[in-house]
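**Student:** What follows is input_39.csv, made up of CSV, C-alpha atoms and all ligand atoms:
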chain,number,residue,atom,x,y,z
A,347,MET,CA,-10.8,66.5,-31.1
A,348,GLU,CA,-14.4,66.0,-30.3
A,349,GLU,CA,-16.0,69.2,-29.0
A,350,ILE,CA,-16.4,69.1,-25.3
A,351,TYR,CA,-17.9,71.8,-23.1
A,352,CYS,CA,-17.0,72.7,-19.5
A,353,GLN,CA,-19.7,71.4,-17.1
A,354,GLY,CA,-19.3,74.4,-15.0
A,355,CYS,CA,-19.3,77.5,-17.3
A,356,GLY,CA,-20.0,76.1,-20.7
A,357,ALA,CA,-16.8,77.3,-22.4
A,358,GLN,CA,-15.5,75.0,-25.1
A,359,ILE,CA,-12.7,72.9,-23.6
A,360,GLN,CA,-9.2,73.3,-25.1
A,361,THR,CA,-5.8,72.1,-24.0
A,362,THR,CA,-3.5,74.5,-25.7
A,363,ALA,CA,-3.8,78.0,-24.2
A,364,PRO,CA,-3.6,78.0,-20.4
A,365,GLY,CA,-4.5,81.6,-20.0
A,366,GLU,CA,-7.7,81.4,-22.1
A,367,ALA,CA,-11.3,80.3,-21.6
A,368,GLY,CA,-11.9,76.6,-21.5
A,369,TYR,CA,-8.4,75.5,-20.8
A,370,THR,CA,-7.8,72.2,-19.1
A,371,PRO,CA,-4.7,70.0,-19.0
A,372,ALA,CA,-5.0,67.1,-21.5
A,373,SER,CA,-4.8,64.6,-18.6
A,374,SER,CA,-8.1,65.8,-17.1
A,375,LEU,CA,-10.0,64.9,-20.3
A,376,GLU,CA,-10.3,61.4,-18.9
A,377,ARG,CA,-12.5,62.5,-16.1
A,378,GLU,CA,-16.2,61.8,-16.2
A,379,GLU,CA,-17.1,65.4,-15.5
A,380,VAL,CA,-14.9,67.6,-17.5
A,381,LEU,CA,-14.3,71.1,-16.1
A,382,CYS,CA,-12.1,73.8,-17.3
A,383,LYS,CA,-9.2,74.6,-15.0
A,384,ARG,CA,-11.0,77.8,-13.8
A,385,CYS,CA,-14.1,75.9,-12.8
A,386,PHE,CA,-12.0,73.0,-11.4
A,387,ARG,CA,-10.1,75.3,-9.1
A,388,LEU,CA,-13.3,77.0,-8.0
A,389,LYS,CA,-15.1,73.7,-7.3
A,390,HIS,CA,-12.3,72.0,-5.4
A,391,TYR,CA,-10.4,74.8,-3.8
A,392,ASN,CA,-13.1,77.6,-3.7
A,393,GLU,CA,-10.7,79.7,-5.7
A,394,ILE,CA,-11.4,81.9,-8.7
A,395,GLN,CA,-8.8,82.2,-11.5
A,396,ASP,CA,-8.8,84.8,-14.1
A,397,VAL,CA,-8.9,84.0,-17.8
A,398,ALA,CA,-8.4,86.5,-20.6
A,399,MET,CA,-10.5,87.1,-23.7
A,400,THR,CA,-10.0,89.3,-26.7
A,401,ASP,CA,-12.1,92.5,-27.0
A,402,ASP,CA,-14.5,91.0,-29.5
A,403,ASP,CA,-15.1,87.8,-27.8
A,404,PHE,CA,-15.5,89.6,-24.5
A,405,LEU,CA,-18.0,92.1,-25.9
A,406,LYS,CA,-20.0,89.5,-27.6
A,407,MET,CA,-20.1,87.4,-24.5
A,408,VAL,CA,-20.6,90.0,-21.9
A,409,SER,CA,-23.4,91.6,-23.9
A,410,SER,CA,-25.6,88.9,-22.7
A,411,ILE,CA,-25.7,90.9,-19.4
A,412,ARG,CA,-27.8,93.4,-21.4
A,413,ASP,CA,-30.6,91.0,-21.6
A,414,ALA,CA,-30.4,89.8,-18.1
A,415,GLU,CA,-31.3,91.7,-15.0
A,416,GLY,CA,-28.8,92.3,-12.2
A,417,LEU,CA,-26.3,94.6,-10.6
A,418,VAL,CA,-23.0,95.1,-12.4
A,419,ALA,CA,-20.0,95.5,-10.1
A,420,HIS,CA,-17.2,97.0,-12.3
A,421,VAL,CA,-13.8,96.4,-10.6
A,422,ILE,CA,-11.0,98.7,-11.6
A,423,ASP,CA,-7.4,99.2,-10.5
A,424,ILE,CA,-7.2,102.5,-8.7
A,425,PHE,CA,-3.5,102.7,-9.7
A,426,ASP,CA,-4.4,102.3,-13.3
A,427,VAL,CA,-7.8,104.0,-13.7
A,428,GLU,CA,-7.3,104.9,-17.4
A,429,GLY,CA,-6.2,101.3,-18.2
A,430,SER,CA,-9.0,99.6,-16.4
A,431,LEU,CA,-12.1,101.7,-16.7
A,432,LEU,CA,-14.3,100.2,-19.4
A,433,LYS,CA,-15.8,103.0,-21.4
A,434,SER,CA,-17.8,100.5,-23.4
A,435,LEU,CA,-19.6,99.3,-20.2
A,436,PRO,CA,-22.9,101.1,-20.8
A,437,ARG,CA,-23.2,99.5,-24.2
A,438,ILE,CA,-22.4,96.1,-22.7
A,439,VAL,CA,-24.7,96.2,-19.7
A,440,GLY,CA,-27.7,98.2,-21.0
A,441,ASN,CA,-29.9,99.6,-18.3
A,442,ASN,CA,-28.5,97.5,-15.5
A,443,PRO,CA,-27.3,99.5,-12.5
A,444,ILE,CA,-23.5,99.8,-12.1
A,445,VAL,CA,-21.4,100.0,-8.9
A,446,LEU,CA,-17.8,101.1,-9.3
A,447,VAL,CA,-15.3,99.2,-7.2
A,448,GLY,CA,-11.9,100.8,-7.0
A,449,ASN,CA,-9.5,98.1,-5.9
A,450,LYS,CA,-5.8,98.2,-4.7
A,451,VAL,CA,-6.5,101.3,-2.6
A,452,ASP,CA,-3.7,100.0,-0.3
A,453,LEU,CA,-1.2,101.2,-2.9
A,454,LEU,CA,-2.0,104.9,-2.4
A,455,PRO,CA,-0.4,106.9,0.4
A,456,LYS,CA,-2.3,106.4,3.7
A,457,SER,CA,-2.8,110.1,3.9
A,458,ALA,CA,-5.1,110.0,0.8
A,459,ASN,CA,-8.5,111.4,1.6
A,460,LYS,CA,-10.9,108.5,0.8
A,461,ARG,CA,-14.0,110.7,0.4
A,462,LYS,CA,-12.3,113.0,-2.0
A,463,LEU,CA,-11.0,109.9,-3.8
A,464,SER,CA,-14.4,108.4,-4.2
A,465,GLN,CA,-15.7,111.8,-5.5
A,466,TRP,CA,-12.8,112.0,-7.9
A,467,LEU,CA,-13.5,108.5,-9.2
A,468,ARG,CA,-17.2,109.3,-9.7
A,469,THR,CA,-16.2,112.3,-11.8
A,470,GLN,CA,-13.8,110.2,-13.9
A,471,ALA,CA,-16.5,107.7,-14.5
A,472,LYS,CA,-19.0,110.3,-15.4
A,473,GLU,CA,-16.6,111.9,-17.9
A,474,ALA,CA,-16.1,108.5,-19.4
A,475,GLY,CA,-19.8,108.2,-19.9
A,476,LEU,CA,-20.5,105.8,-17.0
A,477,LYS,CA,-23.4,106.5,-14.7
A,478,VAL,CA,-22.7,104.7,-11.5
A,479,LYS,CA,-24.9,104.2,-8.5
A,480,ASP,CA,-22.1,104.2,-6.0
A,481,VAL,CA,-18.3,104.1,-5.7
A,482,TYR,CA,-16.4,101.8,-3.2
A,483,LEU,CA,-12.8,101.8,-2.5
A,484,ILE,CA,-11.4,98.5,-1.4
A,485,SER,CA,-8.2,96.5,-1.1
A,486,SER,CA,-9.1,92.9,-1.8
A,487,SER,CA,-5.6,91.7,-0.9
A,488,LYS,CA,-5.7,93.5,2.5
A,489,GLY,CA,-9.5,93.2,3.1
A,490,TYR,CA,-10.0,97.0,3.4
A,491,GLY,CA,-13.5,98.2,2.6
A,492,MET,CA,-14.9,94.7,2.0
A,493,ASP,CA,-17.7,94.8,4.6
A,494,GLU,CA,-19.1,98.1,3.4
A,495,LEU,CA,-18.9,96.9,-0.2
A,496,ALA,CA,-20.7,93.6,0.6
A,497,GLU,CA,-23.5,95.6,2.3
A,498,GLY,CA,-23.7,98.0,-0.7
A,499,LEU,CA,-23.9,95.1,-3.2
A,500,GLU,CA,-26.7,93.5,-1.1
A,501,GLN,CA,-28.6,96.8,-1.1
A,502,TYR,CA,-28.2,97.6,-4.8
A,503,ARG,CA,-28.8,94.2,-6.2
A,504,GLY,CA,-32.4,94.2,-4.9
A,505,GLY,CA,-32.6,90.4,-4.8
A,506,LYS,CA,-31.1,90.0,-8.3
A,507,ASP,CA,-27.8,88.5,-9.6
A,508,ILE,CA,-24.5,90.4,-9.4
A,509,TYR,CA,-22.2,90.4,-12.4
A,510,ILE,CA,-18.5,91.1,-11.7
A,511,VAL,CA,-16.8,92.8,-14.7
A,512,GLY,CA,-13.3,94.1,-15.2
A,513,THR,CA,-10.1,94.0,-17.3
A,514,THR,CA,-7.4,91.5,-16.4
A,515,ASN,CA,-5.1,92.2,-13.5
A,516,VAL,CA,-7.4,94.6,-11.6
A,517,GLY,CA,-7.6,92.0,-8.9
A,518,LYS,CA,-11.0,90.6,-9.8
A,519,SER,CA,-10.1,87.0,-8.8
A,520,THR,CA,-8.6,88.1,-5.5
A,521,PHE,CA,-11.7,90.1,-4.8
A,522,ILE,CA,-14.1,87.2,-5.6
A,523,ASN,CA,-12.0,84.8,-3.6
A,524,ARG,CA,-12.2,87.0,-0.6
A,525,LEU,CA,-16.0,87.4,-1.0
A,526,ILE,CA,-16.3,83.6,-1.2
A,527,ARG,CA,-14.2,83.2,1.9
A,528,GLN,CA,-16.3,85.8,3.7
A,529,THR,CA,-19.5,84.0,2.8
A,530,SER,CA,-19.3,81.0,4.9
A,531,GLY,CA,-21.1,77.7,4.3
A,532,LEU,CA,-20.5,77.4,0.6
A,533,GLU,CA,-19.9,73.8,-0.5
A,534,GLU,CA,-21.1,73.4,-4.0
A,535,VAL,CA,-20.0,76.7,-5.3
A,536,ILE,CA,-20.6,76.4,-9.0
A,537,THR,CA,-23.8,75.5,-10.6
A,538,THR,CA,-23.6,72.5,-12.9
A,539,SER,CA,-26.1,73.8,-15.4
A,540,TYR,CA,-25.4,76.4,-17.9
A,541,PHE,CA,-27.1,78.0,-20.9
A,542,PRO,CA,-25.0,77.5,-24.0
A,543,GLY,CA,-24.5,80.6,-26.0
A,544,THR,CA,-25.7,83.0,-23.4
A,545,THR,CA,-23.6,82.6,-20.3
A,546,LEU,CA,-20.6,81.1,-21.9
A,547,GLY,CA,-17.5,81.4,-19.8
A,548,PHE,CA,-19.5,82.9,-16.9
A,549,ILE,CA,-19.0,81.3,-13.5
A,550,GLU,CA,-21.9,81.4,-11.1
A,551,ILE,CA,-21.4,81.4,-7.4
A,552,PRO,CA,-24.8,81.0,-5.6
A,553,LEU,CA,-25.8,83.8,-3.3
A,554,ASP,CA,-29.0,82.1,-2.3
A,555,ASP,CA,-31.5,79.7,-3.9
A,556,ASP,CA,-32.3,81.9,-6.8
A,557,THR,CA,-29.5,84.3,-7.4
A,558,ALA,CA,-25.8,84.2,-7.9
A,559,LEU,CA,-22.6,86.2,-8.1
A,560,ILE,CA,-21.4,85.8,-11.7
A,561,ASP,CA,-17.8,86.1,-12.6
A,562,THR,CA,-17.0,87.1,-16.2
A,563,PRO,CA,-13.6,86.6,-17.9
A,564,GLY,CA,-11.3,89.6,-17.7
A,565,ILE,CA,-11.0,91.7,-20.8
A,566,VAL,CA,-7.5,92.2,-22.1
A,567,ASN,CA,-6.6,95.8,-22.4
A,568,LYS,CA,-4.1,96.0,-25.3
A,569,GLN,CA,-2.8,99.3,-24.0
A,570,GLN,CA,-1.6,97.8,-20.8
A,571,MET,CA,2.1,98.0,-20.2
A,572,ALA,CA,2.0,94.3,-19.4
A,573,HIS,CA,2.1,93.5,-23.1
A,574,TYR,CA,5.3,95.3,-23.7
A,575,VAL,CA,7.5,94.1,-20.8
A,576,SER,CA,9.1,90.9,-19.6
A,577,SER,CA,7.6,89.3,-16.6
A,578,ALA,CA,10.6,90.3,-14.5
A,579,ASP,CA,10.1,93.9,-15.5
A,580,LEU,CA,6.3,93.7,-15.0
A,581,LYS,CA,6.9,92.5,-11.4
A,582,LEU,CA,9.2,95.5,-10.9
A,583,ILE,CA,6.9,98.2,-12.3
A,584,THR,CA,3.7,96.9,-10.7
A,585,PRO,CA,3.6,98.3,-7.2
A,586,ASN,CA,2.9,95.8,-4.5
A,587,LYS,CA,2.8,98.1,-1.5
A,588,GLU,CA,2.1,101.6,-0.5
A,589,VAL,CA,3.6,103.9,-3.1
A,590,LYS,CA,6.0,106.5,-1.7
A,591,PRO,CA,5.7,109.7,-3.7
A,592,ARG,CA,9.0,111.0,-4.9
A,593,THR,CA,9.3,114.7,-5.4
A,594,TYR,CA,11.7,116.6,-7.7
A,595,GLN,CA,12.1,120.3,-7.9
A,596,LEU,CA,12.6,121.0,-11.5
A,597,ASN,CA,13.6,124.0,-13.6
A,598,GLU,CA,12.5,124.2,-17.2
A,599,GLN,CA,14.7,122.2,-19.6
A,600,GLN,CA,15.1,119.3,-17.2
A,601,THR,CA,14.0,115.8,-17.7
A,602,LEU,CA,12.9,112.8,-15.6
A,603,PHE,CA,13.4,109.2,-16.8
A,604,PHE,CA,11.3,106.4,-15.4
A,605,GLY,CA,13.7,103.6,-15.8
A,606,GLY,CA,14.0,103.7,-19.6
A,607,LEU,CA,10.3,103.0,-20.1
A,608,ALA,CA,9.1,106.5,-20.1
A,609,ARG,CA,10.3,110.1,-19.8
A,610,LEU,CA,9.0,113.5,-19.0
A,611,ASP,CA,10.5,116.8,-20.2
A,612,PHE,CA,9.8,120.0,-18.4
A,613,VAL,CA,9.9,122.2,-21.5
A,614,ASN,CA,9.0,125.6,-20.1
A,615,GLY,CA,7.5,127.3,-17.1
A,616,GLU,CA,8.5,128.5,-13.6
A,617,LYS,CA,10.4,126.2,-11.2
A,618,GLU,CA,7.9,123.5,-10.2
A,619,SER,CA,7.7,120.4,-8.0
A,620,PHE,CA,7.0,117.2,-9.8
A,621,VAL,CA,5.6,114.5,-7.5
A,622,CYS,CA,6.1,111.0,-9.0
A,623,TYR,CA,3.8,108.1,-8.1
A,624,PHE,CA,5.4,104.9,-9.5
A,625,SER,CA,6.4,101.5,-8.1
A,626,ASN,CA,9.0,102.2,-5.4
A,627,GLN,CA,11.3,99.8,-7.3
A,628,LEU,CA,11.3,101.8,-10.5
A,629,PRO,CA,14.4,104.0,-10.6
A,630,ILE,CA,13.8,107.7,-11.5
A,631,HIS,CA,16.7,109.5,-13.1
A,632,ARG,CA,17.0,113.3,-13.5
A,633,THR,CA,19.0,115.0,-16.3
A,634,LYS,CA,19.2,118.0,-18.5
A,635,LEU,CA,16.8,118.0,-21.4
A,636,GLU,CA,19.6,118.7,-23.8
A,637,LYS,CA,21.4,115.5,-22.7
A,638,ALA,CA,18.3,113.3,-22.5
A,639,ASP,CA,18.4,111.9,-26.1
A,640,ASP,CA,22.1,110.9,-25.8
A,641,LEU,CA,21.5,109.3,-22.4
A,642,TYR,CA,18.7,107.3,-23.7
A,643,ALA,CA,20.6,106.2,-26.9
A,644,GLY,CA,23.7,105.2,-24.9
A,645,HIS,CA,22.4,103.8,-21.6
A,646,LEU,CA,19.0,102.2,-22.3
A,647,GLY,CA,18.9,98.9,-20.3
A,648,GLU,CA,21.9,99.9,-18.2
A,649,LEU,CA,21.6,103.2,-16.2
A,650,LEU,CA,18.1,103.5,-17.6
A,651,SER,CA,16.5,100.2,-16.6
A,652,PRO,CA,14.1,98.5,-16.8
A,653,PRO,CA,13.9,97.6,-19.7
A,654,ASP,CA,15.8,94.4,-19.3
A,655,LYS,CA,17.1,92.5,-22.3
A,656,GLU,CA,13.9,90.6,-23.0
A,657,THR,CA,11.8,93.8,-22.7
A,658,MET,CA,14.1,95.7,-25.0
A,659,GLU,CA,13.3,93.2,-27.8
A,660,LYS,CA,9.6,93.9,-27.8
A,661,LEU,CA,9.4,97.5,-26.4
A,662,PRO,CA,8.0,99.9,-29.0
A,663,ASP,CA,9.9,103.2,-29.6
A,664,LEU,CA,9.0,106.0,-27.3
A,665,LYS,CA,6.5,108.4,-28.8
A,666,LYS,CA,6.2,112.1,-27.7
A,667,SER,CA,3.1,114.0,-26.6
A,668,THR,CA,3.2,117.6,-25.6
A,669,PHE,CA,0.8,119.0,-23.1
A,670,ARG,CA,0.2,122.6,-22.1
A,671,ILE,CA,-0.9,122.6,-18.5
A,672,THR,CA,-3.4,125.4,-17.9
A,673,GLU,CA,-5.0,124.3,-14.7
A,674,GLU,CA,-3.7,123.8,-11.2
A,675,LYS,CA,-3.3,120.3,-9.8
A,676,THR,CA,-2.8,118.1,-12.9
A,677,ASP,CA,-1.6,114.5,-13.2
A,678,ILE,CA,0.3,113.4,-16.3
A,679,VAL,CA,-0.6,109.7,-16.5
A,680,PHE,CA,1.6,107.0,-18.0
A,681,PRO,CA,-0.8,104.1,-18.3
A,682,GLY,CA,0.3,101.0,-16.4
A,683,LEU,CA,3.3,102.7,-15.0
A,684,GLY,CA,2.1,105.6,-12.8
A,685,TRP,CA,1.7,109.4,-12.9
A,686,VAL,CA,3.4,112.7,-12.1
A,687,SER,CA,1.5,115.3,-10.2
A,688,ILE,CA,2.1,119.0,-10.8
A,689,THR,CA,0.5,121.7,-8.6
A,690,GLY,CA,1.2,124.8,-10.7
A,691,LYS,CA,-0.1,125.9,-14.1
A,692,ASP,CA,1.1,127.7,-17.2
A,693,LEU,CA,3.8,125.3,-18.1
A,694,SER,CA,4.6,122.8,-21.0
A,695,VAL,CA,5.7,119.3,-20.7
A,696,THR,CA,6.5,116.6,-23.2
A,697,ALA,CA,5.8,113.0,-22.2
A,698,HIS,CA,7.6,110.1,-24.0
A,699,ALA,CA,6.0,106.6,-23.7
A,700,PRO,CA,6.1,103.4,-25.7
A,701,GLU,CA,4.0,103.9,-28.9
A,702,GLY,CA,0.5,102.6,-28.3
A,703,SER,CA,0.5,103.5,-24.7
A,704,ALA,CA,-1.6,106.7,-24.5
A,705,VAL,CA,-0.3,109.3,-22.1
A,706,SER,CA,-3.1,111.6,-20.8
A,707,ILE,CA,-3.6,114.4,-18.3
A,708,ARG,CA,-6.3,114.6,-15.7
A,709,LYS,CA,-7.3,116.5,-12.6
A,710,SER,CA,-5.0,115.3,-9.7
A,711,LEU,CA,-6.2,112.2,-8.0
A,712,LEU,CA,-4.4,113.1,-4.7
A,801,LIG,P1,-7.5,89.5,-12.1
A,801,LIG,O1,-6.8,89.3,-13.4
A,801,LIG,O2,-8.4,90.8,-12.2
A,801,LIG,O3,-8.3,88.4,-11.6
A,801,LIG,O4,-6.4,89.9,-11.0
A,801,LIG,P2,-5.8,89.0,-9.8
A,801,LIG,O5,-6.8,88.8,-8.7
A,801,LIG,O6,-5.1,87.8,-10.4
A,801,LIG,O7,-4.7,90.1,-9.3
A,801,LIG,C1,-3.8,90.7,-10.2
A,801,LIG,C2,-2.6,91.2,-9.3
A,801,LIG,O8,-3.0,92.2,-8.5
A,801,LIG,C3,-2.0,90.1,-8.4
A,801,LIG,O9,-0.6,90.3,-8.4
A,801,LIG,C4,-2.6,90.4,-7.1
A,801,LIG,O10,-1.8,90.0,-6.0
A,801,LIG,C5,-2.7,91.9,-7.1
A,801,LIG,N1,-3.8,92.4,-6.3
A,801,LIG,C6,-5.1,92.0,-6.3
A,801,LIG,N2,-5.8,92.7,-5.4
A,801,LIG,C7,-5.0,93.6,-4.8
A,801,LIG,C8,-5.1,94.7,-3.9
A,801,LIG,O11,-6.2,94.9,-3.3
A,801,LIG,N3,-4.0,95.4,-3.6
A,801,LIG,C9,-2.8,95.1,-4.2
A,801,LIG,N4,-1.7,95.9,-3.8
A,801,LIG,N5,-2.6,94.2,-5.1
A,801,LIG,C10,-3.7,93.4,-5.4
Translate this file's structure into structure tokens.
**Tutor:**
Amino acid sequence: MEEIYCQGCGAQIQTTAPGEAGYTPASSLEREEVLCKRCFRLKHYNEIQDVAMTDDDFLKMVSSIRDAEGLVAHVIDIFDVEGSLLKSLPRIVGNNPIVLVGNKVDLLPKSANKRKLSQWLRTQAKEAGLKVKDVYLISSSKGYGMDELAEGLEQYRGGKDIYIVGTTNVGKSTFINRLIRQTSGLEEVITTSYFPGTTLGFIEIPLDDDTALIDTPGIVNKQQMAHYVSSADLKLITPNKEVKPRTYQLNEQQTLFFGGLARLDFVNGEKESFVCYFSNQLPIHRTKLEKADDLYAGHLGELLSPPDKETMEKLPDLKKSTFRITEEKTDIVFPGLGWVSITGKDLSVTAHAPEGSAVSIRKSLL
């Protein structure tokens, strides 16, 4: 096939991989102006669609931001901070200022203190080596916090472009679509010119005559649970409304199963409450530690589900990590699934999660 480039974003047109940059259905190659599906939807429906890139392609491409001047809005998923915070961002964006946008705040209990949460997020970013100008908490599906964010972006961009950067699934498209809707009077939303090799795959949405909001493809995070589970299971483990914390009073030598996808053993310590933040649909099962291995071996996919059949075929074995909790108010984080919050200290827990998904501990978010 002759090499064709999208008239909108400059990505090389391809007709085989729908989720990737430059995809267009073969039938649209007949058109005079060939656009990739992402640009087509933006142009005709004012709607952004996310496309995924591998780490290398993404880094190469997004590094062009380093040589440009603008504000970087890094969108993350507040329910999966570890999985969505890009630690490589400073290398990618150079000296450009960064604003952190914590999306999906509607998933957290309403009682969560937003100021404390912003502060917490700022600390997490700092520990990951990210210097951010400001932190915003939003819900792009519900519209929460959008006005304040729009004002903040306007202030920090100082008349320059805004680059929107994030991993897939953080809600970047939902966010941009809402911004587009809020900004009235947009007709021709994408620029028809592009600069091959530098802004490949970027979509520009004009903010005024000289500057634009620039959407970059979402980077795929290989650690995300999404790669290990079927789409039915993914739907089940991804919370879609306010998460109801579930509290278990546990004695040492007790175990909690999160479906059959992860497990937490309370190895030793005084009686303690374990507050679980997971999708309300994910069943939690309590058992004795001594029975846990047998239960898993005999009932995975039945009593302990998800996984469903399809997930069981690709789910890696569970791998153990043991943590000694020495500080009060600690979260044990299962990336892409949720976390368990413990108030007390001086206890040991063992977390089991699919190999490749890195369980971590952090200072409590709530
Ligand atoms: P992208 O891959 O970053 O572009 O993400 P999408 O915009 O496609 O969103 C990924 C998923 O997150 C979709 O199922 C959205 O419905 C959901 N989502 C996006 N924004 C929010 C939000 O503010 N709150 C909640 N609860 N879900 C959201």
**Student:** Would you list the residues that come within 7 Å of ligand LIG 801 (chain A)? Count all atoms listed in the file and give the answer as a ChimeraX atom specification.
**Tutor:** /A:395-396,449-453,484-488,512-521,564,585-587
**Student:** Give the answer as one residue: which of A:Tyr351, A:Tyr502, A:Tyr490, A:Tyr642 has the shortest atom-to-atom distance to Asn442 of chain A, using all atoms listed in the file?
**Tutor:**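 Of the candidates, the smallest distance to Asn442 of chain A is held by A:Tyr502.
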**Student:** Between A:Ile444, A:Ile583, A:Ile422, A:Ile549, which one has atoms that come closest to Arg387 of chain A, using only C-alpha atoms?
**Tutor:**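 Among the listed residues, the smallest separation from Arg387 of chain A belongs to A:Ile549.
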**Student:** Smallest atom-to-atom distance to Lys433 of chain A: which of A:Ser410, A:Thr584, A:Thr557, A:Gln470, using only C-alpha atoms?
**Tutor:**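 For Lys433 of chain A, the nearest of the given residues is A:Gln470.
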**Student:** Restricting the calculation to all atoms listed in the file: of A:Leu499, A:Leu602, A:Ala572, A:Val705, which residue gets closest to Leu661 of chain A?
**Tutor:**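 Distance minimum relative to Leu661 of chain A lands on A:Ala572.
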**Student:** Counting all atoms listed in the file, write as a PyMOL selection string all protein and nucleic acid residues lying at most 12 Å from (18.0, 124.3, -12.4) in the file's frame.
**Tutor:** chain A and resi 594-601+612+614-619+632-635
**Student:** To one decimal place, how far is atom CA of Asn626 of chain A from atom CA of Val695 of chain A in Å?
**Tutor:** 23.2 Å
**Student:** Please indicate the distance in Å from atom CA of Gln501 of chain A to atom CA of Glu550 of chain A, rounded to one decimal place.
**Tutor:**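 So the answer is 19.5 Å.
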